[in-house]
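Comments concern the structure below.
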Amino acid sequence: MNKKQEVQDRIFESWNQADRNGIAIASVGIGKAKWIIDRCRELTKEFKRGTVMVLTNSTHLRDVGFLKELDKWWSREEFYQRCDIQCYQTAYKWTGQSFLAVFADEFDTSLSPEYSKFYWNNTWQLFMGLSGTMTEDQIEIAVRIAPLLFKYTVQKAQEDGVVNKVEIFVHNVPLSRINNYDTGKGFLTSEYKNIMYWNNSVAELEDEVNMQRQLIKDIQQNGMAQGLGIQDIPGLRRTLSGKTEYLKRKYIARSRQYYSLHSLVMYALELQEFILKKHPEGKILMFSKLTKIADKLGPAYHSKRKSIKTIDDFNSGKSRVLSVVGSVKRGVSFVDVTHSITHSMDSSKTNFTQREVGRMVRNNPDTVSKLHILNPVINDPEKGLIDLQPKKWIEKACAGFSTRVMNVPQWWDA
């Protein structure tokens with residue numbers, strides 16, 4: 001028995017012991033689709049009546065990914081006699097329906113206020129929610145639906161040799177100081193100056209928000225502050241609310257500046273070329289946050305370019321590079337990926353685990369995949385390398401994973 005099957009059996013045992021009602025958080029790459037298919041086949045033999053409903057988070061997983069797994073482990077004809085698969089985008093609209101069993105794949109994606117309506121408005125005899133990762137807030141919602149029975153992280157799966165290990169390298173890439181960045185306002189500046197402008201703008205607004213909060217607090221404690229009294233608090237709160245919303249928009253706008261850095265594009269392409277030459281059999285996934293950047297990094301698959309042929313060419317080896325955005329976080333499988341390069345990312349550990357790590361741990365458990373993350377920095381002549389906001393995002397997203405920092409041009413381990 002292989003190690004993946006052992007983990008699947010442990011999930012099955014915990015589910016059986018809980019009267020077949022529960023939730024499992026299990027590492028990406030352990031075969032959750034196969035687990036669901038095995039249960040569907042068994043339940044249709046055990047029970048003469050009732051529909052088994054499989055729920056998932058995307059049409060691609062429903063119409064492509066799951067069916068490929070079904071072809072490997074059972075048959076479409078037998079599955080559709082008593083079973084069905086639908087997306088949460090459809091199922092949340094249902095009311096008053098009853099099922100023999102519900103298997104909720106990528107369960108965490110169904111816990112929004114809208115999608116979770118399915119669980120409050122329909123019934124079933126047996127239930128299992130399966131997900132690779134879940135936040136504490138999501139678990140709090142999930143256990144109102146069914147108990148948490150099993151937890152098996154990707155780090156534990158790597159330790160046990162169930163999935164392959166991933167080496168994570170963080171590359172410090174200095175911002176360009178050449179005045180060739182188009183601001184869109186009729187003049188050119190450098191990436192360095194542009195990022196400094198946004199950082200200073202955000203910092204000034206943060207100071208204003210903090211000062212406003214402190215003013216309200218001082219008035220509440222002392223009755224008056226800066227010539228203002230209790231009667232002025234409602235107006236101050238309205239002003240604070242407006243500034244806070246404006247600050248949120250500033251954060252988003254600044255993030256897009258980081259997500260658009262051209263110096264990181266150039267570095268990523270150089271690193272890509274180096275890896276392809278050093279590893280003739282290697283295949284690289286290029287990750288970014290924006291479609292316009294993805295299009296510059298290689299053959300692209302994203303919300304504006306959804307050609308399955310692009311993925312097929314990559315999986316077959318016809319193309320050795322595939323550039324993707326958020327559309328491959330879940331439900332899309334890639335074959336024999338040896339390296340990835342992340343141009344830009346946010347601070348979500350869930351996204352990082354599902355997207356970057358999740359796409360890289362599906363190789364032979366004895367192999368090691370290499371994941372490269374680009375971190376924009378300032379190269380100061382006196383202070384050396386100075387970290388920026390993305391470093392905080394990287395540290396938060398990579399928490400729990402071992403990382404190695406690399407400075408240009410330390411590529412010998414790539």
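Order determines the names: the first chain of the structure tokens is A, the second B, and so forth; residues in each chain are numbered 1 upward, and ligands are numbered 1 upward as they are shown.
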
Give me every helix (DSSP H, G or I) residue in region 210-340 of chain A, going by DSSP on the backbone, as a tab-separated table (two decimals) with N, CA and C atoms, in the first residue's frame.
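New file out_22.tsv:
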```tsv
chain	number	residue	atom	x	y	z
A	210	ASN	N	-4.38	57.47	12.47
A	210	ASN	CA	-3.99	57.20	13.85
A	210	ASN	C	-4.20	58.42	14.74
A	211	MET	N	-3.89	59.60	14.22
A	211	MET	CA	-4.10	60.84	14.99
A	211	MET	C	-5.58	61.08	15.26
A	212	GLN	N	-6.42	60.77	14.26
A	212	GLN	CA	-7.86	60.94	14.44
A	212	GLN	C	-8.39	59.98	15.50
A	213	ARG	N	-7.90	58.75	15.48
A	213	ARG	CA	-8.32	57.77	16.49
A	213	ARG	C	-7.90	58.21	17.89
A	214	GLN	N	-6.67	58.71	17.98
A	214	GLN	CA	-6.17	59.16	19.28
A	214	GLN	C	-6.95	60.35	19.79
A	215	LEU	N	-7.33	61.26	18.90
A	215	LEU	CA	-8.12	62.43	19.29
A	215	LEU	C	-9.45	62.00	19.88
A	216	ILE	N	-10.13	61.09	19.22
A	216	ILE	CA	-11.42	60.59	19.73
A	216	ILE	C	-11.23	59.93	21.09
A	217	LYS	N	-10.16	59.15	21.24
A	217	LYS	CA	-9.88	58.47	22.50
A	217	LYS	C	-9.61	59.49	23.62
A	218	ASP	N	-8.85	60.55	23.30
A	218	ASP	CA	-8.54	61.58	24.30
A	218	ASP	C	-9.80	62.30	24.75
A	219	ILE	N	-10.69	62.61	23.82
A	219	ILE	CA	-11.95	63.28	24.18
A	219	ILE	C	-12.79	62.38	25.07
A	220	GLN	N	-12.86	61.09	24.73
A	220	GLN	CA	-13.64	60.15	25.54
A	220	GLN	C	-13.09	60.04	26.96
A	221	GLN	N	-11.77	60.13	27.11
A	221	GLN	CA	-11.15	59.98	28.43
A	221	GLN	C	-11.19	61.27	29.25
A	222	ASN	N	-11.02	62.42	28.57
A	222	ASN	CA	-10.86	63.68	29.30
A	222	ASN	C	-12.02	64.65	29.14
A	230	ILE	N	-17.23	66.21	23.70
A	230	ILE	CA	-18.00	64.99	23.45
A	230	ILE	C	-18.96	65.18	22.28
A	231	GLN	N	-19.55	66.38	22.15
A	231	GLN	CA	-20.53	66.64	21.10
A	231	GLN	C	-19.92	66.55	19.69
A	232	ASP	N	-18.59	66.64	19.62
A	232	ASP	CA	-17.92	66.60	18.31
A	232	ASP	C	-17.54	65.19	17.87
A	233	ILE	N	-17.71	64.20	18.76
A	233	ILE	CA	-17.28	62.85	18.44
A	233	ILE	C	-18.00	62.25	17.22
A	234	PRO	N	-19.32	62.41	17.07
A	234	PRO	CA	-19.98	61.83	15.89
A	234	PRO	C	-19.36	62.32	14.58
A	235	GLY	N	-19.08	63.63	14.50
A	235	GLY	CA	-18.48	64.17	13.28
A	235	GLY	C	-17.06	63.65	13.08
A	236	LEU	N	-16.31	63.52	14.17
A	236	LEU	CA	-14.95	62.99	14.08
A	236	LEU	C	-14.96	61.54	13.62
A	237	ARG	N	-15.94	60.79	14.09
A	237	ARG	CA	-16.04	59.39	13.67
A	237	ARG	C	-16.38	59.27	12.19
A	238	ARG	N	-17.22	60.17	11.69
A	238	ARG	CA	-17.54	60.14	10.25
A	238	ARG	C	-16.30	60.46	9.43
A	239	THR	N	-15.52	61.44	9.90
A	239	THR	CA	-14.28	61.77	9.21
A	239	THR	C	-13.31	60.59	9.24
A	240	LEU	N	-13.22	59.94	10.42
A	240	LEU	CA	-12.33	58.78	10.56
A	240	LEU	C	-12.75	57.66	9.64
A	241	SER	N	-14.04	57.42	9.54
A	241	SER	CA	-14.55	56.36	8.67
A	241	SER	C	-14.18	56.64	7.21
A	242	GLY	N	-14.32	57.90	6.79
A	242	GLY	CA	-13.98	58.26	5.42
A	242	GLY	C	-12.49	58.07	5.13
A	243	LYS	N	-11.66	58.50	6.09
A	243	LYS	CA	-10.22	58.35	5.90
A	243	LYS	C	-9.79	56.89	5.91
A	244	THR	N	-10.46	56.10	6.75
A	244	THR	CA	-10.13	54.67	6.82
A	244	THR	C	-10.45	53.98	5.51
A	245	GLU	N	-11.59	54.30	4.92
A	245	GLU	CA	-11.95	53.73	3.62
A	245	GLU	C	-10.99	54.18	2.54
A	246	TYR	N	-10.58	55.45	2.60
A	246	TYR	CA	-9.63	55.96	1.62
A	246	TYR	C	-8.28	55.25	1.77
A	247	LEU	N	-7.89	54.96	3.01
A	247	LEU	CA	-6.64	54.26	3.26
A	247	LEU	C	-6.69	52.84	2.68
A	248	LYS	N	-7.82	52.18	2.81
A	248	LYS	CA	-7.97	50.83	2.23
A	248	LYS	C	-7.77	50.88	0.72
A	249	ARG	N	-8.35	51.91	0.07
A	249	ARG	CA	-8.18	52.04	-1.38
A	249	ARG	C	-6.72	52.33	-1.73
A	250	LYS	N	-6.05	53.10	-0.87
A	250	LYS	CA	-4.63	53.39	-1.07
A	250	LYS	C	-3.79	52.11	-1.00
A	251	TYR	N	-4.11	51.26	-0.01
A	251	TYR	CA	-3.40	49.99	0.12
A	251	TYR	C	-3.53	49.16	-1.16
A	252	ILE	N	-4.75	49.09	-1.69
A	252	ILE	CA	-4.99	48.31	-2.90
A	252	ILE	C	-4.22	48.90	-4.09
A	253	ALA	N	-4.28	50.23	-4.20
A	253	ALA	CA	-3.58	50.90	-5.31
A	253	ALA	C	-2.07	50.69	-5.21
A	254	ARG	N	-1.53	50.78	-3.99
A	254	ARG	CA	-0.09	50.56	-3.82
A	254	ARG	C	0.29	49.11	-4.14
A	255	SER	N	-0.57	48.18	-3.74
A	255	SER	CA	-0.30	46.77	-4.04
A	255	SER	C	-0.16	46.56	-5.53
A	256	ARG	N	-1.01	47.19	-6.31
A	256	ARG	CA	-0.95	47.04	-7.76
A	256	ARG	C	0.38	47.59	-8.31
A	257	GLN	N	0.94	48.61	-7.65
A	257	GLN	CA	2.24	49.10	-8.08
A	257	GLN	C	3.31	48.03	-7.88
A	258	TYR	N	3.25	47.35	-6.73
A	258	TYR	CA	4.20	46.25	-6.48
A	258	TYR	C	3.96	45.08	-7.43
A	259	TYR	N	2.69	44.81	-7.72
A	259	TYR	CA	2.36	43.69	-8.60
A	259	TYR	C	2.79	43.95	-10.05
A	262	HIS	N	8.36	46.13	-13.33
A	262	HIS	CA	9.00	45.64	-14.55
A	262	HIS	C	10.37	45.03	-14.25
A	263	SER	N	11.08	45.57	-13.26
A	263	SER	CA	12.41	45.02	-12.93
A	263	SER	C	12.28	43.56	-12.50
A	264	LEU	N	11.17	43.21	-11.85
A	264	LEU	CA	10.93	41.82	-11.45
A	264	LEU	C	10.60	40.96	-12.67
A	265	VAL	N	9.93	41.55	-13.66
A	265	VAL	CA	9.65	40.82	-14.90
A	265	VAL	C	10.96	40.45	-15.58
A	266	MET	N	11.85	41.40	-15.70
A	266	MET	CA	13.14	41.16	-16.37
A	266	MET	C	13.96	40.12	-15.61
A	267	TYR	N	13.96	40.23	-14.29
A	267	TYR	CA	14.70	39.28	-13.47
A	267	TYR	C	14.10	37.88	-13.62
A	268	ALA	N	12.77	37.81	-13.60
A	268	ALA	CA	12.08	36.51	-13.73
A	268	ALA	C	12.42	35.84	-15.05
A	269	LEU	N	12.46	36.62	-16.13
A	269	LEU	CA	12.78	36.06	-17.45
A	269	LEU	C	14.23	35.58	-17.52
A	270	GLU	N	15.14	36.31	-16.88
A	270	GLU	CA	16.54	35.88	-16.85
A	270	GLU	C	16.68	34.58	-16.04
A	271	LEU	N	16.01	34.52	-14.90
A	271	LEU	CA	16.05	33.31	-14.08
A	271	LEU	C	15.41	32.14	-14.81
A	272	GLN	N	14.31	32.41	-15.49
A	272	GLN	CA	13.64	31.38	-16.29
A	272	GLN	C	14.60	30.80	-17.33
A	273	GLU	N	15.30	31.66	-18.06
A	273	GLU	CA	16.23	31.21	-19.09
A	273	GLU	C	17.36	30.38	-18.48
A	274	PHE	N	17.86	30.82	-17.32
A	274	PHE	CA	18.93	30.11	-16.63
A	274	PHE	C	18.49	28.69	-16.24
A	275	ILE	N	17.29	28.57	-15.68
A	275	ILE	CA	16.78	27.27	-15.23
A	275	ILE	C	16.57	26.33	-16.42
A	276	LEU	N	15.99	26.84	-17.49
A	276	LEU	CA	15.72	25.99	-18.66
A	276	LEU	C	17.01	25.45	-19.27
A	277	LYS	N	18.08	26.26	-19.26
A	277	LYS	CA	19.36	25.80	-19.79
A	277	LYS	C	20.01	24.80	-18.86
A	278	LYS	N	19.92	25.04	-17.55
A	278	LYS	CA	20.56	24.17	-16.58
A	278	LYS	C	19.83	22.84	-16.43
A	291	THR	N	-2.90	39.89	-14.80
A	291	THR	CA	-2.88	39.24	-16.12
A	291	THR	C	-1.91	39.92	-17.07
A	292	LYS	N	-1.76	41.24	-16.96
A	292	LYS	CA	-0.86	41.95	-17.88
A	292	LYS	C	0.59	41.54	-17.64
A	293	ILE	N	0.93	41.17	-16.40
A	293	ILE	CA	2.27	40.69	-16.10
A	293	ILE	C	2.42	39.24	-16.54
A	294	ALA	N	1.40	38.43	-16.31
A	294	ALA	CA	1.44	37.02	-16.73
A	294	ALA	C	1.71	36.91	-18.23
A	295	ASP	N	1.11	37.79	-19.00
A	295	ASP	CA	1.30	37.74	-20.46
A	295	ASP	C	2.76	38.00	-20.87
A	296	LYS	N	3.53	38.66	-20.00
A	296	LYS	CA	4.92	38.97	-20.32
A	296	LYS	C	5.88	37.84	-19.92
A	297	LEU	N	5.39	36.89	-19.12
A	297	LEU	CA	6.28	35.90	-18.52
A	297	LEU	C	6.29	34.55	-19.25
A	308	ILE	N	-7.59	25.70	-22.81
A	308	ILE	CA	-7.10	24.46	-22.22
A	308	ILE	C	-5.89	23.93	-22.99
A	309	LYS	N	-5.80	24.28	-24.28
A	309	LYS	CA	-4.65	23.85	-25.09
A	309	LYS	C	-3.34	24.35	-24.48
A	310	THR	N	-3.36	25.53	-23.88
A	310	THR	CA	-2.15	26.07	-23.26
A	310	THR	C	-1.68	25.15	-22.14
A	311	ILE	N	-2.63	24.66	-21.34
A	311	ILE	CA	-2.29	23.73	-20.26
A	311	ILE	C	-1.87	22.39	-20.82
A	312	ASP	N	-2.58	21.92	-21.84
A	312	ASP	CA	-2.24	20.62	-22.45
A	312	ASP	C	-0.82	20.65	-23.05
A	313	ASP	N	-0.47	21.77	-23.69
A	313	ASP	CA	0.87	21.90	-24.27
A	313	ASP	C	1.94	21.84	-23.17
A	314	PHE	N	1.63	22.46	-22.04
A	314	PHE	CA	2.58	22.46	-20.92
A	314	PHE	C	2.69	21.05	-20.31
A	315	ASN	N	1.57	20.41	-20.09
A	315	ASN	CA	1.59	19.07	-19.48
A	315	ASN	C	2.26	18.04	-20.39
A	316	SER	N	2.09	18.20	-21.70
A	316	SER	CA	2.69	17.24	-22.64
A	316	SER	C	4.19	17.48	-22.86
A	326	GLY	N	-4.47	33.77	-10.64
A	326	GLY	CA	-5.21	33.09	-9.58
A	326	GLY	C	-6.05	31.93	-10.06
A	327	SER	N	-6.23	31.78	-11.36
A	327	SER	CA	-7.14	30.76	-11.87
A	327	SER	C	-6.64	29.34	-11.65
A	328	VAL	N	-5.37	29.17	-11.24
A	328	VAL	CA	-4.88	27.81	-11.00
A	328	VAL	C	-4.67	27.53	-9.52
```

Interface rows for region 11-47 of chain A against region 129-138 of chain A: nearest pair, Å to one decimal, 7 Å, only C-alpha atoms, as a Markdown table:
```
| residue | atom | partner | partner_atom | distance |
| --- | --- | --- | --- | --- |
| A:Gly22 | CA | A:Gly129 | CA | 6.5 |
| A:Ile23 | CA | A:Gly129 | CA | 4.5 |
| A:Ala24 | CA | A:Leu130 | CA | 5.1 |
| A:Ile25 | CA | A:Ser131 | CA | 5.0 |
| A:Ala26 | CA | A:Gly132 | CA | 4.9 |
| A:Ser27 | CA | A:Gly132 | CA | 4.9 |
| A:Val28 | CA | A:Gly132 | CA | 5.2 |
```

Among the residues of region 126-183 of chain A, find those DSSP assigns to strand (DSSP E or B) from the backbone and print them as an MDAnalysis selection string. chainID A and resid 126:131 148:152 165:174 181:182

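The smallest atom-to-atom distance between Glu395 (chain A) and any of A:Val173, A:Met345, A:Val357, A:Leu188, using only C-alpha atoms, is found for A:Met345.
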
Counting only C-alpha atoms, the option among A:Ile30, A:Val377, A:Ala399, A:Val321 closest to Ala157 (chain A):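 For Ala157 (chain A), the nearest of the candidates is A:Ile30.
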
Find the residues near Asn21 (chain A): any atom within 8 Å, counting only C-alpha atoms, skip ones fewer than 3 places away on the same chain, and give them as a list of chain:residue names.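 Final neighbour list, sorted by chain and number: A:Trp15, A:Asn16, A:Ala18, A:Leu126, A:Phe127, A:Met128, A:Ala146, A:Pro147.
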
Serialized selection, C-alpha atoms, as a PDB file, in the first residue's frame:
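Output (result_24.pdb):
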```
ATOM      1  CA  TRP A  15     -15.119   9.472   9.017  1.00  0.00           C
ATOM      2  CA  ASN A  16     -16.553   6.040   9.788  1.00  0.00           C
ATOM      3  CA  ALA A  18     -17.884   9.747  13.430  1.00  0.00           C
ATOM      4  CA  LEU A 126     -23.955  11.528   5.272  1.00  0.00           C
ATOM      5  CA  PHE A 127     -21.503  14.401   4.860  1.00  0.00           C
ATOM      6  CA  MET A 128     -17.797  15.044   4.340  1.00  0.00           C
ATOM      7  CA  ALA A 146     -19.935  19.152  10.835  1.00  0.00           C
ATOM      8  CA  PRO A 147     -17.137  18.273  13.293  1.00  0.00           C
TER       9      PRO A 147
END
```

If we count only C-alpha atoms, what is near Ser333 (chain A) at a cut-off of 12 Å, once residues fewer than 6 positions away on the same chain are taken out, given as JSON, numbers by chain? {"A": [28, 29, 31, 33, 60, 61, 64, 65, 66, 68, 69, 285, 308, 311, 312, 314, 315, 327, 354, 355, 358, 359, 360, 361, 362, 363]}

Residue contacts of Leu374 (chain A) (8 Å, only C-alpha atoms) excluding same-chain residues fewer than 5 positions away, as a list in words: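 In the requested format, the answer is Val170, His171, Asn172, Val173, Leu264, Ala268, Ile341, Thr342, His343 and Ser344 of chain A.
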
Write out the residues from the selection above, keeping C-alpha atoms, as a short mmCIF file (atom, residue, chain, number, x, y, z; two decimals), in the first residue's frame.
```
data_model
loop_
_atom_site.label_atom_id
_atom_site.label_comp_id
_atom_site.auth_asym_id
_atom_site.auth_seq_id
_atom_site.Cartn_x
_atom_site.Cartn_y
_atom_site.Cartn_z
CA VAL A 170 13.50 34.33 -1.82
CA HIS A 171 15.40 36.49 -4.34
CA ASN A 172 16.11 40.09 -3.35
CA VAL A 173 15.68 42.15 -6.52
CA LEU A 264 10.93 41.82 -11.45
CA ALA A 268 12.08 36.51 -13.73
CA ILE A 341 8.95 31.59 -10.16
CA THR A 342 6.64 33.96 -8.30
CA HIS A 343 6.78 37.51 -9.64
CA SER A 344 4.24 38.83 -7.12
#
```

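Among A:Ile37, A:Trp198, A:Phe47, A:Lys4, the residue with the shortest atom-to-atom distance to Asn364 (chain A), counting only C-alpha atoms, is A:Lys4.
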
So how far away is CA of Phe287 (chain A) from CA of Ser347 (chain A), in Å? 14.3 Å

Counting only C-alpha atoms, what is within 10 Å of Phe99 (chain A), bar same-chain residues fewer than 3 positions away, as a ChimeraX atom specification? /A:49-53,83,102,122-127

Write out, as a PDB file, in the first residue's frame, the residues just selected, with N, CA and C atoms.
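The result, stored in selection_4.pdb:
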```
ATOM      1  N   ARG A  49     -31.188   3.559  -2.718  1.00  0.00           N
ATOM      2  CA  ARG A  49     -31.837   4.811  -3.113  1.00  0.00           C
ATOM      3  C   ARG A  49     -31.033   6.003  -2.606  1.00  0.00           C
ATOM      4  N   GLY A  50     -31.331   7.144  -3.193  1.00  0.00           N
ATOM      5  CA  GLY A  50     -30.697   8.375  -2.748  1.00  0.00           C
ATOM      6  C   GLY A  50     -29.597   8.846  -3.683  1.00  0.00           C
ATOM      7  N   THR A  51     -29.463  10.156  -3.774  1.00  0.00           N
ATOM      8  CA  THR A  51     -28.458  10.768  -4.647  1.00  0.00           C
ATOM      9  C   THR A  51     -27.233  11.173  -3.838  1.00  0.00           C
ATOM     10  N   VAL A  52     -26.078  10.889  -4.406  1.00  0.00           N
ATOM     11  CA  VAL A  52     -24.810  11.343  -3.817  1.00  0.00           C
ATOM     12  C   VAL A  52     -24.386  12.596  -4.584  1.00  0.00           C
ATOM     13  N   MET A  53     -24.248  13.705  -3.864  1.00  0.00           N
ATOM     14  CA  MET A  53     -23.908  14.980  -4.494  1.00  0.00           C
ATOM     15  C   MET A  53     -22.473  15.372  -4.158  1.00  0.00           C
ATOM     16  N   CYS A  83     -25.084   9.562  -8.887  1.00  0.00           N
ATOM     17  CA  CYS A  83     -24.290  10.667  -8.343  1.00  0.00           C
ATOM     18  C   CYS A  83     -24.329  11.862  -9.288  1.00  0.00           C
ATOM     19  N   VAL A 102     -23.445  14.107   0.835  1.00  0.00           N
ATOM     20  CA  VAL A 102     -22.848  15.287   0.210  1.00  0.00           C
ATOM     21  C   VAL A 102     -21.352  15.262   0.488  1.00  0.00           C
ATOM     22  N   ASN A 122     -30.653  22.793   3.008  1.00  0.00           N
ATOM     23  CA  ASN A 122     -30.826  21.456   2.447  1.00  0.00           C
ATOM     24  C   ASN A 122     -30.401  20.399   3.474  1.00  0.00           C
ATOM     25  N   THR A 123     -30.738  19.124   3.222  1.00  0.00           N
ATOM     26  CA  THR A 123     -30.446  18.065   4.194  1.00  0.00           C
ATOM     27  C   THR A 123     -29.731  16.890   3.520  1.00  0.00           C
ATOM     28  N   TRP A 124     -29.131  16.027   4.355  1.00  0.00           N
ATOM     29  CA  TRP A 124     -28.418  14.846   3.872  1.00  0.00           C
ATOM     30  C   TRP A 124     -28.275  13.843   5.017  1.00  0.00           C
ATOM     31  N   GLN A 125     -27.998  12.601   4.672  1.00  0.00           N
ATOM     32  CA  GLN A 125     -27.737  11.587   5.680  1.00  0.00           C
ATOM     33  C   GLN A 125     -26.262  11.550   6.058  1.00  0.00           C
ATOM     34  N   LEU A 126     -25.389  11.643   5.063  1.00  0.00           N
ATOM     35  CA  LEU A 126     -23.955  11.528   5.272  1.00  0.00           C
ATOM     36  C   LEU A 126     -23.260  12.756   4.685  1.00  0.00           C
ATOM     37  N   PHE A 127     -22.159  13.178   5.327  1.00  0.00           N
ATOM     38  CA  PHE A 127     -21.503  14.401   4.860  1.00  0.00           C
ATOM     39  C   PHE A 127     -19.997  14.324   5.106  1.00  0.00           C
TER      40      PHE A 127
END
```
